[in-house]
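Asks: A single structure is presented below for examination.
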Amino acid sequence: MHEGFITKLILAKALEKAAEADGKRITKISIVFGDMYGVVDHFVEYYFKALSKGTIAEGASLSFRRTPIELRCRNCGHVYTPEHLDWTCPNCRARKFEMLSGRECHIANMEVE
Amino acid sequence: MKILTVEEHILSSNEEQAKKNNDRLNEHGILAINMMSSPGAGKTSLILRTISGLKTKFRIAVIEGDIASTLDADKVNQHGIPVIQINTASSCHLDAHIVGKALDNLPLNDLDLLIVENVGNLVCPAEFSLGEHKKVILLSTPEGHDKPYKYPLMFTKADAVLINKVDLLPHIDFDMSAFLQGVSALNSDADLIQISCKTGDGLDKWFSWLEAKIAK
């Protein structure tokens, strides 16, 4: 739902990093989103196309990698990915966990010329 | 062609600003609450009830986030406390920068409690820290008991979950135990408080919760 805002931040971060590296053109940006993160890839692409016009990122391709939700049970230490909306530990049935992954939202790397 | 490794969170600029807001609030000894819910869950009613219940004990201010209008701020304004209305236009959430600007316009030396009413939305506001000390989620019974299962991120981040409109329970199919189970499965640390802004039921528990946090 907030892809417009997120895309603005992706573009700003990409332009900042390209400028630091003296890049003249950004050709590719690889983005990582956790499954917990409510972002739809093709909306990001849609906004990126519009927002990057006239910048050195215009025409850059975007690639997306998804990381699964991974939890560690605070009771028994078991690491699991919740299924079917059930966040309970399948090993000991406890409901206390820490989230190891699934909340990622970053640019992994980008290609510049 | 060069490959640049970035590995920085896309929201890092928001997080940095949120930290600045938090430091600023701490300097002034203000407790800040980020109140989030769907549209119509009763955030403004709860804020008005909270002002009525606690304004003799604490100095309160409110930041109202809405896509458009000053309707909520007008209601709060009638209580004679500082209120800033933010209209986000197209944005479905508040962010730390916009809240930082609102802080510039509040009398921070004269406040104990700041309530930020986020834009009504169970998805996006969860992603953006504002610099608050506590996240409070309000869910009203007509929305249904399945919401923690459908919008997990919001519930994993809550310090307290308030269930509003419990006066309607005899008339609707809200399964309280399924709801409470859903929240505790995601976040067993969240405090759960059942309230009705209409009848006033449970508000004493909410006030006690807030008072305990302000005292810390």
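Letters A, B, ... mark the chains of the structure tokens in the order given; residue numbers begin at 1 per chain; ligand numbers begin at 1, in order shown.
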Contacts from chain B to chain A, 12 Å maximum, only C-alpha atoms: show me the residue list as a count of residues only.
Replies: 51
Asks: From a DSSP calculation on the backbone, collect every residue of segment 16-131 of chain B in strand (DSSP E or B) and output the set as a list in words.
Replies: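 For segment 16-131 of chain B, the strand (DSSP E or B) set is Leu31, Ala32, Ile33, Asn34, Met35, Met36, Ser37, Ile60, Ala61, Val62, Ile63, Glu64, Gly65, Asp66, Val83, Ile84, Gln85, Ile86, Asn87, Leu113, Leu114, Ile115, Val116 and Glu117 of chain B.
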Asks: Identify all residues of segment 8-171 of chain B in alpha helix (DSSP H) (DSSP on the backbone) and supply them as number ranges by chain.
Replies: B: 12-27, 43-54, 71-77, 96-104, 147-150, 152-156
Asks: Which is closest to Thr44 of chain B among B:Asn105, B:Asn164, B:Asn22, B:Asn87, if we use only C-alpha atoms?
Replies: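 Ranking B:Asn105, B:Asn164, B:Asn22, B:Asn87 by distance to Thr44 of chain B, first place goes to B:Asn164.
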Asks: So which residues touch Ile195 of chain B within 6 Å, counting only C-alpha atoms, skipping near sequence neighbours fewer than 5 positions away, as JSON, numbers by chain?
Replies: {"B": [163, 164, 201, 202, 203]}
Asks: For N, CA, C and O atoms, I'd like the residues from the last selection saved as a CSV table (one decimal), in the first residue's frame.
Replies:
```
chain,number,residue,atom,x,y,z
B,163,ILE,N,-9.2,-3.3,22.7
B,163,ILE,CA,-10.3,-3.8,22.0
B,163,ILE,C,-11.5,-2.9,22.3
B,163,ILE,O,-12.0,-2.9,23.5
B,164,ASN,N,-11.9,-2.1,21.3
B,164,ASN,CA,-12.9,-1.1,21.6
B,164,ASN,C,-14.3,-1.6,21.2
B,164,ASN,O,-14.4,-2.6,20.4
B,201,ASP,N,-16.6,1.7,29.8
B,201,ASP,CA,-16.1,0.4,30.4
B,201,ASP,C,-14.6,0.2,30.1
B,201,ASP,O,-14.2,0.4,28.9
B,202,GLY,N,-13.9,-0.1,31.0
B,202,GLY,CA,-12.5,-0.5,30.8
B,202,GLY,C,-11.5,0.7,30.7
B,202,GLY,O,-10.3,0.5,30.7
B,203,LEU,N,-12.0,1.9,30.6
B,203,LEU,CA,-11.1,3.1,30.4
B,203,LEU,C,-10.2,3.3,31.6
B,203,LEU,O,-9.1,3.8,31.5
```
Asks: Measuring between only C-alpha atoms, which one of A:Lys49, A:Arg66, A:Leu100, A:Ser61 shows the shortest distance to Tyr80 of chain A?
Replies: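 Selected residue with least distance to Tyr80 of chain A: A:Leu100.
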Asks: Give me the residues within 6 Å of Asp159 of chain B as an MDAnalysis selection string, counting only C-alpha atoms and dropping any in the same chain fewer than 2 places off.
Replies: chainID B and resid 134:136 190
Asks: I'd like the neighbourhood of His28 of chain B as a PyMOL selection string, where a residue qualifies if any of its atoms comes within 9 Å (using only C-alpha atoms), though same-chain residues fewer than 3 positions away should be ignored.
Replies: chain B and resi 23-25+108-112
Asks: With only C-alpha atoms as the atoms that count, which of B:Met35, B:Leu192, B:Ala158, B:Ala18 lies nearest to His97 of chain B?
Replies: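 The closest residue to His97 of chain B is B:Ala18.
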